[in-house]
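First comes the structure, then the notes that go with it.
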Amino acid sequence: MGGHYSIDVARFISTTDGVATELEVLGQAVTGSASDLDRLADLVAAERDLSHALGSATSERRQNGPRAVQHGGAVVTAAGRVALAYVQADDDMAATTSRADAAATAPGASGPGRFGATLR
């Protein structure tokens, strides 16, 4: 596995905050659209065919709008969890490496070496 992996935490947070803000705006627009559709449905309720046509034309969008907003929020949340896990794993790896470096005996120093051999 080659390559260099890193996360710019500040940029990640900035990006996900921006996406979350836009999802809130989208959620408000979806809610407003649903309210407008309700008012429109009330206006045409007496016209049975028109009311049915309106319901048929808008029912899928009524369901998909809120689902899209919810799914977007779930994606942002999942991305945050993944980034946090990455940063924590990176910190753990750095701590393990530091401990291993500190425990290693420098070449030319006396004392037990890697396999318990005495270095002189």
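In the structure tokens, chains take the letters A, B, ... in the order shown, each chain's residues start at 1, and ligands count up from 1 in the order shown.
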Quiz item: Can you list every residue in chain A that DSSP puts in strand (DSSP E), as number ranges by chain?
Solution: A: 111-112, 118-119
Residues of the last selection are to be written out with C-alpha atoms, as a compact mmCIF listing (two decimals), in the first residue's frame.
# COMPACT_ATOMS: atom_id res chain seq x y z
CA GLY A 111 22.61 -2.69 26.66
CA PRO A 112 20.13 -5.20 25.30
CA THR A 118 23.98 -7.09 24.30
CA LEU A 119 25.39 -4.23 22.27
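For A:Val9, the set of protein, DNA and RNA residues having any atom at most 10 Å away, when counting only C-alpha atoms and skipping those fewer than 6 positions along the same chain, is Thr15, Ala83, Leu84 and Val87 of chain A.
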Quiz prompt | Among the residues A:Glu47, A:His71, A:Ala41, A:Val76, the one that comes closest to A:Ser14 [using only C-alpha atoms] | solution = A:Val76
Quiz item: Distance atom CA of A:Leu37-atom CA of A:Ser56, one decimal place?
Solution: 12.0 Å
Practice problem: Write out as a ChimeraX atom specification which residues come within 12 Å of A:Val19 when counting only C-alpha atoms, dropping same-chain ones fewer than 2 positions away. | Solution: /A:12-17,21-26,69,72-77,79-80
Can you write just those residues out, all heavy atoms, as a tab-separated table (two decimals), in the first residue's frame?
chain	number	residue	atom	x	y	z
A	12	PHE	N	-11.54	20.44	6.19
A	12	PHE	CA	-12.62	19.46	6.28
A	12	PHE	C	-13.78	20.03	7.10
A	12	PHE	O	-14.94	19.97	6.70
A	12	PHE	CB	-12.12	18.16	6.90
A	12	PHE	CG	-13.20	17.14	7.07
A	12	PHE	CD1	-13.56	16.30	6.03
A	12	PHE	CD2	-13.89	17.03	8.27
A	12	PHE	CE1	-14.57	15.37	6.17
A	12	PHE	CE2	-14.91	16.11	8.43
A	12	PHE	CZ	-15.25	15.28	7.37
A	13	ILE	N	-13.46	20.61	8.26
A	13	ILE	CA	-14.50	21.18	9.12
A	13	ILE	C	-15.20	22.34	8.41
A	13	ILE	O	-16.43	22.44	8.44
A	13	ILE	CB	-13.90	21.63	10.47
A	13	ILE	CG1	-13.51	20.40	11.29
A	13	ILE	CG2	-14.88	22.50	11.25
A	13	ILE	CD1	-12.70	20.70	12.53
A	14	SER	N	-14.44	23.17	7.74
A	14	SER	CA	-15.02	24.29	7.01
A	14	SER	C	-15.98	23.80	5.92
A	14	SER	O	-17.08	24.32	5.77
A	14	SER	CB	-13.91	25.14	6.39
A	14	SER	OG	-14.45	26.14	5.57
A	15	THR	N	-15.55	22.77	5.19
A	15	THR	CA	-16.38	22.23	4.12
A	15	THR	C	-17.65	21.59	4.67
A	15	THR	O	-18.75	21.86	4.17
A	15	THR	CB	-15.59	21.19	3.30
A	15	THR	OG1	-14.45	21.84	2.73
A	15	THR	CG2	-16.43	20.58	2.20
A	16	THR	N	-17.52	20.75	5.68
A	16	THR	CA	-18.71	20.08	6.21
A	16	THR	C	-19.65	21.08	6.90
A	16	THR	O	-20.87	20.91	6.84
A	16	THR	CB	-18.35	18.93	7.17
A	16	THR	OG1	-17.48	19.40	8.21
A	16	THR	CG2	-17.68	17.79	6.42
A	17	ASP	N	-19.10	22.12	7.52
A	17	ASP	CA	-19.96	23.16	8.10
A	17	ASP	C	-20.75	23.87	7.00
A	17	ASP	O	-21.95	24.15	7.16
A	17	ASP	CB	-19.14	24.19	8.88
A	17	ASP	CG	-18.74	23.73	10.26
A	17	ASP	OD1	-19.23	22.66	10.70
A	17	ASP	OD2	-17.92	24.42	10.90
A	21	THR	N	-24.81	23.84	6.57
A	21	THR	CA	-25.58	25.08	6.48
A	21	THR	C	-26.49	25.06	5.25
A	21	THR	O	-27.67	25.42	5.33
A	21	THR	CB	-24.64	26.30	6.43
A	21	THR	OG1	-23.89	26.34	7.64
A	21	THR	CG2	-25.40	27.60	6.25
A	22	GLU	N	-25.94	24.64	4.13
A	22	GLU	CA	-26.74	24.58	2.90
A	22	GLU	C	-27.84	23.53	3.00
A	22	GLU	O	-28.93	23.71	2.44
A	22	GLU	CB	-25.85	24.33	1.69
A	22	GLU	CG	-24.91	25.49	1.37
A	22	GLU	CD	-25.63	26.81	1.20
A	22	GLU	OE1	-26.69	26.86	0.52
A	22	GLU	OE2	-25.14	27.82	1.73
A	23	LEU	N	-27.59	22.45	3.72
A	23	LEU	CA	-28.64	21.44	3.94
A	23	LEU	C	-29.78	22.02	4.78
A	23	LEU	O	-30.95	21.70	4.56
A	23	LEU	CB	-28.07	20.19	4.60
A	23	LEU	CG	-27.31	19.25	3.68
A	23	LEU	CD1	-26.56	18.19	4.49
A	23	LEU	CD2	-28.26	18.59	2.69
A	24	GLU	N	-29.43	22.87	5.74
A	24	GLU	CA	-30.48	23.54	6.53
A	24	GLU	C	-31.33	24.44	5.64
A	24	GLU	O	-32.56	24.45	5.74
A	24	GLU	CB	-29.86	24.36	7.66
A	24	GLU	CG	-29.30	23.52	8.78
A	24	GLU	CD	-28.64	24.36	9.87
A	24	GLU	OE1	-28.95	25.57	9.97
A	24	GLU	OE2	-27.81	23.81	10.60
A	25	VAL	N	-30.67	25.18	4.76
A	25	VAL	CA	-31.39	26.05	3.82
A	25	VAL	C	-32.28	25.20	2.92
A	25	VAL	O	-33.45	25.53	2.68
A	25	VAL	CB	-30.40	26.90	3.00
A	25	VAL	CG1	-31.10	27.64	1.87
A	25	VAL	CG2	-29.65	27.88	3.90
A	26	LEU	N	-31.73	24.11	2.42
A	26	LEU	CA	-32.51	23.21	1.57
A	26	LEU	C	-33.70	22.64	2.34
A	26	LEU	O	-34.82	22.56	1.81
A	26	LEU	CB	-31.63	22.08	1.03
A	26	LEU	CG	-32.32	21.05	0.15
A	26	LEU	CD1	-32.93	21.70	-1.09
A	26	LEU	CD2	-31.33	19.95	-0.24
A	69	VAL	N	-32.74	15.63	2.01
A	69	VAL	CA	-32.16	16.44	3.07
A	69	VAL	C	-31.65	15.54	4.20
A	69	VAL	O	-30.53	15.71	4.70
A	69	VAL	CB	-33.16	17.48	3.61
A	69	VAL	CG1	-32.62	18.21	4.83
A	69	VAL	CG2	-33.54	18.47	2.50
A	72	GLY	N	-28.52	13.70	3.05
A	72	GLY	CA	-27.37	14.61	3.05
A	72	GLY	C	-26.82	14.81	4.46
A	72	GLY	O	-25.60	14.79	4.66
A	73	GLY	N	-27.70	14.97	5.42
A	73	GLY	CA	-27.26	15.10	6.81
A	73	GLY	C	-26.55	13.86	7.30
A	73	GLY	O	-25.54	13.94	8.01
A	74	ALA	N	-27.06	12.70	6.92
A	74	ALA	CA	-26.42	11.44	7.32
A	74	ALA	C	-25.03	11.31	6.71
A	74	ALA	O	-24.10	10.81	7.35
A	74	ALA	CB	-27.30	10.25	6.93
A	75	VAL	N	-24.88	11.76	5.47
A	75	VAL	CA	-23.57	11.70	4.80
A	75	VAL	C	-22.58	12.61	5.51
A	75	VAL	O	-21.43	12.22	5.76
A	75	VAL	CB	-23.70	12.08	3.30
A	75	VAL	CG1	-22.33	12.30	2.67
A	75	VAL	CG2	-24.46	10.99	2.54
A	76	VAL	N	-22.99	13.82	5.86
A	76	VAL	CA	-22.11	14.75	6.56
A	76	VAL	C	-21.71	14.17	7.92
A	76	VAL	O	-20.54	14.21	8.31
A	76	VAL	CB	-22.77	16.14	6.73
A	76	VAL	CG1	-21.97	17.03	7.69
A	76	VAL	CG2	-22.92	16.81	5.38
A	77	THR	N	-22.66	13.59	8.64
A	77	THR	CA	-22.37	12.97	9.93
A	77	THR	C	-21.39	11.81	9.78
A	77	THR	O	-20.42	11.70	10.54
A	77	THR	CB	-23.68	12.49	10.60
A	77	THR	OG1	-24.53	13.63	10.81
A	77	THR	CG2	-23.41	11.80	11.92
A	79	ALA	N	-19.24	11.28	7.35
A	79	ALA	CA	-17.93	11.80	6.95
A	79	ALA	C	-17.18	12.33	8.17
A	79	ALA	O	-15.97	12.12	8.31
A	79	ALA	CB	-18.09	12.89	5.90
A	80	GLY	N	-17.88	13.00	9.05
A	80	GLY	CA	-17.26	13.50	10.27
A	80	GLY	C	-16.74	12.38	11.15
A	80	GLY	O	-15.64	12.46	11.71
Self-check item: Atomic distance atom CA of A:Ala57 - atom CA of A:Ser33, expressed in Å with one decimal
Solution: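 One can read the atom CA of A:Ala57 to atom CA of A:Ser33 distance as 13.7 Å.
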Practice problem: Would you work out the distance separating atom CA of A:Asp42 from atom CA of A:Ala68, expressed in Å to one decimal? | Solution: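 Interatomic distance here is 25.7 Å.
Residue nearest A:Pro66 within the list A:Ala53, A:Ala46, A:Ala85, A:Ala29: A:Ala29 [criterion: smallest interatomic distance, only C-alpha atoms].
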Practice problem: Enumerate the residues of chain A with a DSSP assignment of helix (DSSP H, G or I), computed from the backbone, and present them as number ranges by chain. | Solution: A: 9-44, 48-103
